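K.L.:
Supplied structure: query30.cif, mmCIF, C-alpha atoms and all ligand atoms.
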```cif
data_my_file
#
loop_
_atom_site.label_atom_id
_atom_site.label_comp_id
_atom_site.auth_asym_id
_atom_site.auth_seq_id
_atom_site.Cartn_x
_atom_site.Cartn_y
_atom_site.Cartn_z
CA MET A 557 -79.54 -62.72 76.62
CA LEU A 558 -80.21 -61.10 73.27
CA PRO A 559 -82.50 -62.65 70.62
CA LEU A 560 -79.54 -63.01 68.27
CA GLN A 561 -77.59 -64.94 70.87
CA LEU A 562 -80.64 -67.11 71.50
CA ALA A 563 -81.01 -67.73 67.78
CA LYS A 564 -77.38 -68.80 67.61
CA LEU A 565 -77.93 -71.03 70.61
CA GLY A 566 -80.95 -72.46 68.82
CA LYS A 567 -78.83 -73.25 65.77
CA LEU A 568 -75.95 -74.70 67.71
CA GLN A 569 -77.98 -76.88 70.02
CA CYS A 570 -80.74 -77.74 67.55
CA ILE A 571 -83.36 -75.84 69.58
CA HIS A 572 -86.48 -75.31 67.54
CA PRO A 573 -87.14 -71.59 66.75
CA SER A 574 -90.62 -71.91 68.30
CA PHE A 575 -88.90 -72.59 71.63
CA ILE A 576 -87.12 -69.28 71.34
CA PHE A 577 -90.42 -67.56 70.57
CA VAL A 578 -92.10 -69.11 73.63
CA PHE A 579 -89.08 -68.25 75.76
CA MET A 580 -89.20 -64.58 74.71
CA LEU A 581 -92.97 -64.54 75.26
CA CYS A 582 -92.43 -65.87 78.78
CA ILE A 583 -89.97 -63.07 79.56
CA MET A 584 -92.36 -60.45 78.19
CA THR A 585 -95.33 -61.89 80.10
CA SER A 586 -93.43 -61.99 83.38
CA ARG A 587 -92.38 -58.34 82.84
CA THR A 588 -96.04 -57.40 82.21
CA GLN A 589 -97.13 -59.16 85.37
CA LEU A 590 -94.44 -57.37 87.31
CA THR A 591 -95.75 -54.03 86.05
CA GLU A 592 -99.21 -55.02 87.18
CA SER A 593 -97.91 -56.07 90.58
CA ALA A 594 -96.03 -52.77 90.90
CA LEU A 595 -99.17 -50.81 90.02
CA LYS A 596 -101.27 -52.88 92.41
CA LEU A 597 -98.78 -52.24 95.18
CA MET A 598 -98.68 -48.51 94.45
CA THR A 599 -102.48 -48.33 94.46
CA LYS A 600 -102.42 -49.86 97.92
CA TYR A 601 -99.49 -47.73 99.09
CA PRO A 602 -99.41 -44.48 97.06
CA LEU A 603 -95.93 -42.97 97.01
CA ILE A 604 -94.90 -40.11 99.26
CA ASP A 605 -91.93 -38.48 97.50
CA GLY A 606 -89.53 -36.41 99.62
CA HIS A 607 -88.39 -33.72 97.22
CA ASN A 608 -89.76 -31.92 94.18
CA ASP A 609 -88.88 -28.50 92.74
CA LEU A 610 -91.98 -27.68 90.69
CA ALA A 611 -92.33 -24.44 92.66
CA LEU A 612 -88.87 -23.36 91.49
CA GLN A 613 -89.92 -24.02 87.88
CA LEU A 614 -93.09 -21.97 88.39
CA ARG A 615 -90.89 -19.04 89.40
CA ILE A 616 -88.46 -19.55 86.52
CA LEU A 617 -91.14 -20.07 83.84
CA GLN A 618 -93.96 -17.73 84.95
CA ASN A 619 -92.67 -15.71 87.89
CA ASN A 620 -95.19 -17.60 90.07
CA ARG A 621 -98.22 -16.37 88.05
CA LEU A 622 -100.26 -19.53 88.50
CA ARG A 623 -103.11 -18.36 86.27
CA LEU A 624 -100.76 -18.64 83.27
CA VAL A 625 -100.23 -22.35 83.87
CA ASP A 626 -102.51 -25.36 83.78
CA LEU A 627 -100.98 -27.65 86.38
CA HIS A 628 -102.75 -30.67 84.87
CA SER A 629 -100.30 -30.69 82.01
CA ILE A 630 -97.14 -28.58 81.75
CA SER A 631 -94.57 -29.01 79.02
CA ASN A 632 -90.85 -28.56 79.69
CA VAL A 633 -91.12 -29.79 83.28
CA ALA A 634 -91.17 -33.26 84.84
CA THR A 635 -94.11 -32.70 87.16
CA ASP A 636 -97.82 -32.08 86.57
CA ILE A 637 -101.04 -33.46 87.98
CA ASN A 638 -101.70 -35.92 85.15
CA ARG A 639 -98.27 -37.46 85.48
CA LEU A 640 -98.35 -37.46 89.31
CA ARG A 641 -101.52 -39.52 89.02
CA ALA A 642 -99.99 -41.88 86.45
CA GLY A 643 -97.04 -42.28 88.82
CA HIS A 644 -99.34 -43.20 91.74
CA VAL A 645 -98.07 -40.32 93.85
CA GLY A 646 -100.22 -39.83 96.95
CA GLY A 647 -98.03 -37.28 98.69
CA GLN A 648 -95.39 -34.85 97.52
CA VAL A 649 -93.02 -32.73 99.54
CA PHE A 650 -92.65 -29.50 97.54
CA ALA A 651 -89.49 -27.50 98.16
CA ALA A 652 -89.58 -23.77 98.82
CA TYR A 653 -86.10 -23.12 97.48
CA VAL A 654 -84.35 -19.82 96.88
CA MET A 655 -80.88 -19.24 95.47
CA CYS A 656 -77.88 -19.02 97.78
CA THR A 657 -77.12 -15.65 96.24
CA ALA A 658 -80.15 -14.35 98.19
CA GLN A 659 -78.45 -15.17 101.50
CA ASP A 660 -78.23 -12.10 103.77
CA LYS A 661 -80.30 -10.22 101.19
CA ASP A 662 -83.91 -11.07 100.32
CA ALA A 663 -83.92 -14.82 101.09
CA VAL A 664 -86.75 -14.51 103.63
CA ARG A 665 -89.09 -12.64 101.25
CA LEU A 666 -88.29 -14.97 98.35
CA THR A 667 -88.93 -18.01 100.57
CA LEU A 668 -92.29 -16.52 101.59
CA GLU A 669 -93.14 -16.17 97.90
CA GLN A 670 -92.24 -19.81 97.23
CA ILE A 671 -94.34 -20.96 100.20
CA ASP A 672 -97.16 -18.80 98.85
CA VAL A 673 -97.05 -20.39 95.39
CA ILE A 674 -97.07 -23.91 96.87
CA ARG A 675 -99.97 -23.04 99.16
CA ARG A 676 -101.92 -21.53 96.25
CA MET A 677 -101.36 -24.41 93.84
CA CYS A 678 -102.30 -26.90 96.57
CA SER A 679 -105.52 -25.08 97.40
CA GLU A 680 -106.65 -23.92 93.94
CA TYR A 681 -106.50 -27.37 92.35
CA PRO A 682 -108.97 -29.88 93.78
CA GLU A 683 -106.60 -32.75 93.01
CA PHE A 684 -104.18 -31.39 95.63
CA GLU A 685 -104.57 -31.07 99.39
CA LEU A 686 -102.18 -29.12 101.60
CA VAL A 687 -101.40 -31.14 104.73
CA THR A 688 -99.42 -30.24 107.84
CA SER A 689 -99.69 -33.36 110.01
CA ALA A 690 -98.78 -37.03 109.67
CA GLU A 691 -102.41 -37.99 110.23
CA ALA A 692 -103.67 -35.70 107.44
CA LEU A 693 -100.96 -37.06 105.16
CA ARG A 694 -101.89 -40.65 106.00
CA THR A 695 -105.61 -40.19 105.39
CA SER A 696 -105.56 -37.84 102.38
CA GLU A 697 -107.22 -39.29 99.30
CA LYS A 698 -105.83 -36.58 97.06
CA ILE A 699 -102.24 -35.73 96.17
CA ALA A 700 -101.18 -34.46 99.57
CA CYS A 701 -98.78 -31.49 99.49
CA LEU A 702 -96.21 -30.89 102.18
CA ILE A 703 -94.02 -27.80 102.27
CA SER A 704 -90.28 -27.97 102.94
CA ILE A 705 -87.63 -25.26 102.94
CA GLU A 706 -84.44 -26.10 101.06
CA GLY A 707 -81.57 -24.23 102.65
CA GLY A 708 -81.20 -22.69 106.12
CA HIS A 709 -80.25 -19.34 104.56
CA ALA A 710 -84.05 -18.92 104.27
CA ILE A 711 -84.38 -18.14 108.00
CA ASP A 712 -81.67 -15.44 108.00
CA SER A 713 -80.32 -16.75 111.34
CA SER A 714 -83.63 -16.02 113.05
CA LEU A 715 -85.49 -18.60 115.14
CA ALA A 716 -88.49 -16.27 115.00
CA ALA A 717 -88.49 -16.60 111.19
CA LEU A 718 -88.22 -20.38 111.57
CA ARG A 719 -91.22 -20.40 113.90
CA MET A 720 -93.27 -18.26 111.51
CA PHE A 721 -92.41 -20.59 108.62
CA TYR A 722 -93.80 -23.42 110.73
CA GLN A 723 -97.00 -21.41 111.20
CA LEU A 724 -97.27 -21.14 107.41
CA GLY A 725 -97.23 -24.92 107.11
CA VAL A 726 -93.53 -25.73 106.62
CA ARG A 727 -92.85 -29.17 108.05
CA SER A 728 -89.22 -29.79 107.08
CA MET A 729 -86.11 -27.74 106.42
CA ALA A 730 -82.76 -28.66 104.87
CA LEU A 731 -80.14 -26.97 107.04
CA THR A 732 -78.11 -25.87 104.02
CA HIS A 733 -78.30 -25.78 100.26
CA THR A 734 -75.06 -25.37 98.27
CA CYS A 735 -73.89 -22.55 100.58
CA ASN A 736 -72.81 -22.60 104.20
CA THR A 737 -74.99 -20.63 106.57
CA PRO A 738 -73.39 -18.76 109.49
CA TRP A 739 -74.28 -21.79 111.60
CA ALA A 740 -74.07 -24.96 109.42
CA GLU A 741 -71.84 -26.33 106.68
CA SER A 742 -72.81 -27.32 103.14
CA SER A 743 -71.52 -30.41 101.30
CA SER A 744 -70.68 -28.06 98.43
CA LYS A 745 -67.73 -25.71 98.08
CA LEU A 746 -69.49 -23.72 95.36
CA TYR A 747 -69.79 -20.53 97.40
CA GLN A 748 -67.25 -18.95 99.72
CA PHE A 749 -69.90 -17.69 102.16
CA TYR A 750 -69.01 -18.41 105.77
CA SER A 751 -66.05 -20.66 105.04
CA ARG A 752 -65.28 -22.74 108.09
CA GLU A 753 -62.98 -25.24 109.68
CA ASN A 754 -63.94 -27.59 112.50
CA ASN A 755 -67.08 -25.57 112.96
CA SER A 756 -69.71 -27.67 111.26
CA LEU A 757 -72.57 -26.80 113.62
CA THR A 758 -72.24 -23.72 115.84
CA ASP A 759 -74.05 -23.11 119.13
CA PHE A 760 -76.74 -21.30 117.16
CA GLY A 761 -76.89 -24.28 114.76
CA GLU A 762 -77.57 -26.49 117.76
CA ALA A 763 -80.32 -24.09 118.79
CA VAL A 764 -81.88 -24.42 115.32
CA VAL A 765 -81.89 -28.21 115.71
CA ALA A 766 -83.42 -27.94 119.18
CA GLU A 767 -86.06 -25.50 117.94
CA MET A 768 -86.96 -27.75 115.00
CA ASN A 769 -87.34 -30.65 117.46
CA ARG A 770 -89.54 -28.47 119.65
CA LEU A 771 -91.69 -27.26 116.78
CA GLY A 772 -92.10 -30.67 115.15
CA MET A 773 -90.28 -29.77 111.95
CA MET A 774 -88.32 -32.51 110.20
CA ILE A 775 -84.57 -31.89 109.96
CA ASP A 776 -83.35 -32.52 106.43
CA LEU A 777 -79.62 -33.24 106.03
CA SER A 778 -79.49 -33.45 102.22
CA HIS A 779 -76.96 -30.79 101.06
CA SER A 780 -75.33 -30.60 104.51
CA SER A 781 -71.69 -31.60 104.93
CA TRP A 782 -71.10 -35.00 106.50
CA ASP A 783 -69.61 -33.30 109.58
CA THR A 784 -72.73 -31.18 110.01
CA ALA A 785 -74.88 -34.28 109.51
CA LYS A 786 -72.89 -36.14 112.18
CA ALA A 787 -73.18 -33.22 114.62
CA VAL A 788 -76.95 -33.03 114.08
CA LEU A 789 -77.40 -36.78 114.43
CA GLU A 790 -75.63 -36.57 117.81
CA ILE A 791 -78.05 -34.06 119.26
CA SER A 792 -81.40 -34.39 117.48
CA ARG A 793 -84.07 -35.90 119.71
CA ALA A 794 -86.15 -36.81 116.67
CA PRO A 795 -85.34 -38.93 113.60
CA VAL A 796 -83.91 -36.92 110.69
CA ILE A 797 -84.25 -37.29 106.94
CA PHE A 798 -82.05 -36.98 103.90
CA SER A 799 -84.89 -35.89 101.62
CA HIS A 800 -83.03 -36.36 98.32
CA SER A 801 -79.65 -38.13 98.57
CA SER A 802 -78.37 -41.47 97.32
CA ALA A 803 -75.69 -43.98 98.40
CA PHE A 804 -72.07 -42.78 98.33
CA ALA A 805 -70.81 -46.38 98.10
CA VAL A 806 -72.60 -46.78 94.75
CA CYS A 807 -71.83 -43.31 93.34
CA GLY A 808 -69.09 -41.37 95.14
CA HIS A 809 -70.65 -37.90 95.03
CA GLU A 810 -70.42 -35.55 98.02
CA ARG A 811 -74.24 -35.16 97.98
CA ASN A 812 -74.68 -38.85 98.71
CA VAL A 813 -74.64 -40.55 102.11
CA PRO A 814 -71.60 -42.65 103.10
CA ASP A 815 -72.07 -46.01 104.86
CA GLU A 816 -70.69 -44.60 108.10
CA LEU A 817 -73.52 -42.05 108.23
CA LEU A 818 -76.08 -44.61 107.09
CA ARG A 819 -75.22 -46.67 110.16
CA VAL A 820 -75.71 -43.66 112.47
CA LEU A 821 -78.97 -42.89 110.66
CA LYS A 822 -80.18 -46.42 111.34
CA GLU A 823 -79.65 -45.82 115.09
CA ASN A 824 -81.53 -42.51 114.77
CA LYS A 825 -84.39 -44.37 112.99
CA GLY A 826 -84.16 -41.72 110.26
CA LEU A 827 -84.64 -41.96 106.53
CA VAL A 828 -82.69 -41.63 103.27
CA MET A 829 -85.01 -40.75 100.40
CA VAL A 830 -83.09 -41.78 97.31
CA ASN A 831 -82.40 -39.06 94.74
CA LEU A 832 -82.88 -40.28 91.15
CA HIS A 833 -80.82 -37.55 89.44
CA SER A 834 -78.28 -39.14 87.05
CA GLY A 835 -75.42 -37.15 88.59
CA PHE A 836 -75.96 -38.75 91.99
CA VAL A 837 -77.15 -42.16 90.78
CA ALA A 838 -74.82 -42.93 87.88
CA CYS A 839 -71.90 -40.56 88.63
CA GLY A 840 -71.49 -38.89 85.27
CA GLY A 841 -73.43 -41.09 82.88
CA LYS A 842 -77.18 -40.96 82.36
CA GLY A 843 -77.78 -44.32 83.98
CA ASN A 844 -80.78 -46.62 83.92
CA ILE A 845 -83.35 -48.12 86.27
CA SER A 846 -80.97 -50.87 87.27
CA ILE A 847 -78.24 -48.56 88.59
CA ALA A 848 -80.90 -46.54 90.45
CA ALA A 849 -82.16 -49.77 92.02
CA ASP A 850 -78.59 -50.58 93.12
CA HIS A 851 -78.77 -47.56 95.48
CA PHE A 852 -81.92 -48.93 97.09
CA ASP A 853 -80.39 -52.39 97.46
CA HIS A 854 -77.24 -50.95 98.98
CA ILE A 855 -79.02 -48.74 101.51
CA LYS A 856 -81.31 -51.61 102.44
CA ASN A 857 -78.27 -53.78 103.12
CA VAL A 858 -76.75 -51.17 105.46
CA THR A 859 -79.78 -49.69 107.25
CA GLY A 860 -82.56 -52.20 106.71
CA ALA A 861 -85.63 -51.43 104.60
CA GLU A 862 -87.19 -49.24 107.30
CA SER A 863 -84.81 -46.32 106.62
CA ILE A 864 -85.43 -45.88 102.87
CA GLY A 865 -87.74 -43.68 100.84
CA ILE A 866 -87.76 -41.90 97.48
CA GLY A 867 -86.96 -38.20 96.99
CA ALA A 868 -86.55 -38.08 93.24
CA ASP A 869 -85.57 -34.38 92.87
CA PHE A 870 -87.67 -33.90 89.72
CA ASP A 871 -87.55 -30.32 88.42
CA GLY A 872 -84.61 -29.54 90.68
CA ALA A 873 -82.16 -31.65 88.71
CA SER A 874 -82.35 -31.90 84.94
CA LYS A 875 -80.87 -35.26 83.99
CA PHE A 876 -82.46 -38.57 85.00
CA PRO A 877 -81.79 -42.21 84.08
CA TYR A 878 -83.45 -43.81 81.06
CA GLY A 879 -86.96 -44.86 82.05
CA LEU A 880 -87.13 -42.50 85.07
CA GLU A 881 -87.55 -39.16 83.32
CA ASP A 882 -90.59 -37.75 85.12
CA VAL A 883 -93.07 -38.29 87.94
CA SER A 884 -95.12 -40.79 85.94
CA LYS A 885 -92.23 -43.27 85.90
CA TYR A 886 -92.07 -44.40 89.55
CA PRO A 887 -93.89 -47.72 88.84
CA ALA A 888 -91.00 -48.82 86.61
CA LEU A 889 -88.63 -48.42 89.54
CA ILE A 890 -90.93 -50.30 91.89
CA GLN A 891 -91.22 -53.02 89.27
CA GLU A 892 -87.45 -53.39 89.25
CA LEU A 893 -87.40 -53.70 93.04
CA VAL A 894 -90.18 -56.33 92.89
CA HIS A 895 -88.01 -58.13 90.37
CA ARG A 896 -85.15 -57.93 92.90
CA ASN A 897 -87.31 -59.70 95.47
CA TRP A 898 -88.19 -56.77 97.69
CA THR A 899 -91.13 -57.93 99.81
CA GLU A 900 -94.49 -56.17 99.97
CA GLU A 901 -93.68 -55.03 103.51
CA GLU A 902 -90.37 -53.53 102.42
CA LEU A 903 -91.94 -51.75 99.46
CA ALA A 904 -94.86 -50.45 101.54
CA GLY A 905 -92.27 -48.89 103.83
CA LEU A 906 -90.25 -47.48 100.96
CA LEU A 907 -93.31 -46.02 99.26
CA ARG A 908 -94.93 -44.27 102.24
CA LEU A 909 -94.95 -45.98 105.63
CA ASN A 910 -91.34 -45.14 106.55
CA PHE A 911 -91.92 -41.43 105.91
CA LEU A 912 -95.19 -41.49 107.85
CA ARG A 913 -93.42 -43.16 110.78
CA VAL A 914 -90.64 -40.56 110.84
CA PHE A 915 -93.14 -37.70 110.58
CA GLN A 916 -95.15 -39.21 113.43
CA GLN A 917 -92.06 -39.59 115.60
CA VAL A 918 -91.08 -35.97 114.91
CA GLU A 919 -94.56 -34.94 116.08
CA GLN A 920 -94.23 -37.16 119.14
CA VAL A 921 -90.99 -35.39 120.15
CA ARG A 922 -92.81 -32.06 119.65
CA ASP A 923 -95.54 -33.29 122.02
CA GLU A 924 -92.96 -34.39 124.59
CA LEU A 925 -91.39 -30.92 124.45
CA VAL A 926 -94.68 -29.08 124.81
CA GLU A 927 -93.52 -27.48 128.06
CA ALA A 928 -90.19 -26.31 126.61
CA LEU A 929 -89.74 -22.63 125.91
CA PRO A 930 -88.84 -21.37 122.43
CA GLY A 931 -85.21 -20.75 121.65
CA LYS A 932 -83.77 -22.35 124.79
CA LYS A 933 -81.26 -25.10 124.55
CA ARG A 934 -78.91 -26.92 126.83
CA SER A 935 -75.38 -27.02 125.56
CA ARG A 936 -73.82 -30.46 125.75
CA SER A 937 -70.26 -29.09 126.07
CA TRP A 938 -68.45 -27.58 129.08
CA ARG A 939 -71.33 -25.18 129.48
CA GLN A 940 -73.57 -28.17 130.02
CA GLN A 941 -75.48 -26.62 132.87
CA MET A 942 -75.88 -23.30 131.17
CA SER A 943 -78.94 -22.69 129.06
CA VAL A 944 -78.62 -20.21 126.25
CA ASP A 945 -81.29 -17.91 124.89
CA TRP A 946 -81.51 -17.41 121.15
CA PHE A 947 -84.22 -15.40 119.59
ZN ZN B 1 -81.51 -30.12 96.31
#
```
I'd like the structure from this file rewritten - as structure tokens, please.
P.N.:
Amino acid sequence: MLPLQLAKLGKLQCIHPSFIFVFMLCIMTSRTQLTESALKLMTKYPLIDGHNDLALQLRILQNNRLRLVDLHSISNVATDINRLRAGHVGGQVFAAYVMCTAQDKDAVRLTLEQIDVIRRMCSEYPEFELVTSAEALRTSEKIACLISIEGGHAIDSSLAALRMFYQLGVRSMALTHTCNTPWAESSSKLYQFYSRENNSLTDFGEAVVAEMNRLGMMIDLSHSSWDTAKAVLEISRAPVIFSHSSAFAVCGHERNVPDELLRVLKENKGLVMVNLHSGFVACGGKGNISIAADHFDHIKNVTGAESIGIGADFDGASKFPYGLEDVSKYPALIQELVHRNWTEEELAGLLRLNFLRVFQQVEQVRDELVEALPGKKRSRSWRQQMSVDWF
């Protein structure tokens, strides 16, 4: 209710103006307490965010020349160390992303350069720590950095390249970006590369999934078509993630996850890390914290709170809801969820424990497959007994 409406109410029902003042004070005090409770919670459970494109901005702004930037404070971007700290971020997955136009050209070299810049920024600044295991992520007291690849075009259809990326510290890969690869389908129709019908995950695509399971690399289905996501969810031995996607039922964008897939994801014990970009949260408008929170509520209703995280997409997308403009603003979102009666256990999961669990389970599958040879998979179709070699 607005103050003017309250004032009118006061007049009409002979409520003394001091009552209105006390009433407003109560609202403000409860909001302040909620902020404190959100901050307290985030101190106890520092956020692990699933997707950030600062490395892309470093290429765009300075061609990856780190010495020209002070990562403590950078203007024109949404991410820097000071704001990560204000936002109580304890872990950040940084994307090594290269344009789809590099597919079949220099995507591998460009991806190496993006991995290089993430590795350098996470080792040159003492506030950061590069981590490659769930245990190191769990115990880090700094801002832990994880490296992900955004778009399977980065491996140039080579499992050897995938394995070498793992050696460099990459611990998750989105199978596609906005372009199809020769072996998986994108949710976007932006590019005409490798147009396909009824061919959402080829035999080689299945081999990529099997190899990621074997290596202990998280499979990221953000940007993949729903058919590709379904095909992967059928065969992956490990839980998968959508590192930066929201709820299709709340905002009907192809990048978001429909309820049908959310239910399969729940079975898989995987994770949707909600994207905060206005285009996926508010479908056209700028949106606010409340509409962003609706995505969390919806996903919780379908999957339970154990399958939700946050993958804000800062510095990848440009438009964000009012109050959620950069990495310092996460506490305002958590405050809204506290206000919506999310329990401490649910928020602890959302903030970091769900991601740590998935990462651990991915590592467990890797350990179970320790005897498996690279690049071998068993087809589940009519060639069921035939193993195929892909190198
Ligand atoms: Zn993206």
K.L.:
Near segment 635-648 of chain A, within 10 Å and counting only C-alpha atoms, which residues show up once chain neighbours fewer than 5 positions away are dropped, as a ChimeraX atom specification?
P.N.:
/A:595-610,613,626-630,681,683-687,693-694,696-703,867,870-871,881-888,907-908
K.L.:
Give me the residues of chain A that have any atom at most 10 Å from an atom of ligand ZN 1 (chain B); for each, the nearest atom pair and the distance in Å, rounded to one decimal. Use only C-alpha atoms and all ligand atoms, sort by chain and number, and format it as a Markdown table.
P.N.:
```
| residue | atom | partner | partner_atom | distance |
| --- | --- | --- | --- | --- |
| A:His607 | CA | B:ZN1 | ZN | 7.8 |
| A:Asn608 | CA | B:ZN1 | ZN | 8.7 |
| A:Asp609 | CA | B:ZN1 | ZN | 8.3 |
| A:Ala651 | CA | B:ZN1 | ZN | 8.6 |
| A:Tyr653 | CA | B:ZN1 | ZN | 8.5 |
| A:Glu706 | CA | B:ZN1 | ZN | 6.9 |
| A:Gly707 | CA | B:ZN1 | ZN | 8.7 |
| A:Ala730 | CA | B:ZN1 | ZN | 8.8 |
| A:Thr732 | CA | B:ZN1 | ZN | 9.4 |
| A:His733 | CA | B:ZN1 | ZN | 6.7 |
| A:Thr734 | CA | B:ZN1 | ZN | 8.2 |
| A:Ser778 | CA | B:ZN1 | ZN | 7.1 |
| A:His779 | CA | B:ZN1 | ZN | 6.6 |
| A:Ser799 | CA | B:ZN1 | ZN | 8.5 |
| A:His800 | CA | B:ZN1 | ZN | 6.7 |
| A:Ser801 | CA | B:ZN1 | ZN | 8.5 |
| A:Arg811 | CA | B:ZN1 | ZN | 9.0 |
| A:Asn831 | CA | B:ZN1 | ZN | 9.1 |
| A:Gly867 | CA | B:ZN1 | ZN | 9.8 |
| A:Ala868 | CA | B:ZN1 | ZN | 9.9 |
| A:Asp869 | CA | B:ZN1 | ZN | 6.8 |
| A:Phe870 | CA | B:ZN1 | ZN | 9.8 |
| A:Asp871 | CA | B:ZN1 | ZN | 9.9 |
| A:Gly872 | CA | B:ZN1 | ZN | 6.5 |
| A:Ala873 | CA | B:ZN1 | ZN | 7.8 |
```
K.L.:
What does the structure give for the distance between atom CA of Glu810 of chain A and atom CA of Val894 of chain A, in Å to one decimal?
P.N.:
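Here the two named atoms are 29.1 Å from each other.
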K.L.:
Take atom CA of Lys856 of chain A and atom CA of Asp776 of chain A and report the distance between them in Å, one decimal.
P.N.:
19.6 Å
K.L.:
Please, what distance in Å, to one decimal, runs between atom CA of Phe760 of chain A and atom CA of Lys822 of chain A?
P.N.:
26.0 Å
K.L.:
Take the point (-97.2, -36.8, 114.8) as written in the file and pick out every residue within 10 Å of it, counting all atoms listed in the file; give the list as a list in words.
P.N.:
Thr688, Ser689, Ala690, Glu691, Ala692, Gly772, Leu912, Arg913, Val914, Phe915, Gln916, Gln917, Val918, Glu919, Gln920, Val921, Arg922 and Asp923 of chain A
K.L.:
Which neighbours of segment 739-747 of chain A fall inside 8 Å, counting all atoms listed in the file, when residues of the same chain fewer than 2 positions from it are skipped, and could you give them as an mmCIF file with C-alpha atoms, in the coordinates of the input?
P.N.:
```cif
data_model
loop_
_atom_site.group_PDB
_atom_site.id
_atom_site.type_symbol
_atom_site.label_atom_id
_atom_site.label_comp_id
_atom_site.auth_asym_id
_atom_site.auth_seq_id
_atom_site.Cartn_x
_atom_site.Cartn_y
_atom_site.Cartn_z
ATOM 1 C CA SER A 713 -80.320 -16.750 111.340
ATOM 2 C CA LEU A 731 -80.140 -26.970 107.040
ATOM 3 C CA THR A 732 -78.110 -25.870 104.020
ATOM 4 C CA HIS A 733 -78.300 -25.780 100.260
ATOM 5 C CA THR A 734 -75.060 -25.370 98.270
ATOM 6 C CA CYS A 735 -73.890 -22.550 100.580
ATOM 7 C CA ASN A 736 -72.810 -22.600 104.200
ATOM 8 C CA THR A 737 -74.990 -20.630 106.570
ATOM 9 C CA PHE A 749 -69.900 -17.690 102.160
ATOM 10 C CA ARG A 752 -65.280 -22.740 108.090
ATOM 11 C CA ASN A 755 -67.080 -25.570 112.960
ATOM 12 C CA SER A 756 -69.710 -27.670 111.260
ATOM 13 C CA LEU A 757 -72.570 -26.800 113.620
ATOM 14 C CA THR A 758 -72.240 -23.720 115.840
ATOM 15 C CA ASP A 759 -74.050 -23.110 119.130
ATOM 16 C CA PHE A 760 -76.740 -21.300 117.160
ATOM 17 C CA GLY A 761 -76.890 -24.280 114.760
ATOM 18 C CA HIS A 779 -76.960 -30.790 101.060
ATOM 19 C CA SER A 780 -75.330 -30.600 104.510
ATOM 20 C CA SER A 781 -71.690 -31.600 104.930
ATOM 21 C CA TRP A 782 -71.100 -35.000 106.500
ATOM 22 C CA ASP A 783 -69.610 -33.300 109.580
ATOM 23 C CA THR A 784 -72.730 -31.180 110.010
ATOM 24 C CA GLU A 810 -70.420 -35.550 98.020
ATOM 25 C CA ARG A 811 -74.240 -35.160 97.980
#
```
K.L.:
Using all atoms listed in the file, which of the listed residues (A:Asn824, A:Ser874, A:Thr859, A:Thr667) sits closest to Lys786 of chain A?
P.N.:
A:Asn824
K.L.:
Between A:Ala763, A:Ala594, A:Val633, A:Ala611, single out the one closest to Leu889 of chain A, counting only C-alpha atoms.
P.N.:
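Closest residue, counting only C-alpha atoms: A:Ala594.
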K.L.:
Given all atoms listed in the file as the basis, pick out the residue of A:Leu903, A:Ala861, A:Ala634, A:Met773 nearest to Ile890 of chain A.
P.N.:
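When distances to Ile890 of chain A are compared using all atoms listed in the file, the smallest one comes from A:Leu903.
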K.L.:
Can you pull out every residue within 10 Å of segment 718-724 of chain A, counting only C-alpha atoms, but drop anything in the same chain fewer than 4 positions away, and send it as a PyMOL selection string?
P.N.:
chain A and resi 664+667-668+671-672+675+688+703-705+708+710-714+728-729+764+767-768+771-773+930-931
K.L.:
Here is a test: counting only C-alpha atoms, which residue of A:Gly865, A:Gly879, A:Gly835, A:Gly843 is nearest to His809 of chain A?
P.N.:
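Of the candidates, the smallest distance to His809 of chain A is held by A:Gly835.
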K.L.:
When you count all atoms listed in the file, which of these residues is closest to Val726 of chain A: A:Glu753, A:His709, A:Ile674, A:Cys656?
P.N.:
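That would be A:Ile674, the residue with the smallest distance to Val726 of chain A.
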K.L.:
Which polymer residues, whether protein, DNA or RNA, lie within 7 Å of the coordinate (-85.7, -34.4, 113.7) when you count all atoms listed in the file? List them as a PDB file with C-alpha atoms, in the frame of the given file, using the chain letters and numbers from the file.
P.N.:
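Wrote it out as part_7.pdb, contents follow:
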```pdb
ATOM      1  CA  MET A 768     -86.960 -27.750 115.000  1.00  0.00           C
ATOM      2  CA  ASN A 769     -87.340 -30.650 117.460  1.00  0.00           C
ATOM      3  CA  MET A 773     -90.280 -29.770 111.950  1.00  0.00           C
ATOM      4  CA  MET A 774     -88.320 -32.510 110.200  1.00  0.00           C
ATOM      5  CA  ILE A 775     -84.570 -31.890 109.960  1.00  0.00           C
ATOM      6  CA  SER A 792     -81.400 -34.390 117.480  1.00  0.00           C
ATOM      7  CA  ARG A 793     -84.070 -35.900 119.710  1.00  0.00           C
ATOM      8  CA  ALA A 794     -86.150 -36.810 116.670  1.00  0.00           C
ATOM      9  CA  PRO A 795     -85.340 -38.930 113.600  1.00  0.00           C
ATOM     10  CA  VAL A 796     -83.910 -36.920 110.690  1.00  0.00           C
ATOM     11  CA  VAL A 918     -91.080 -35.970 114.910  1.00  0.00           C
TER      12      VAL A 918
END
```
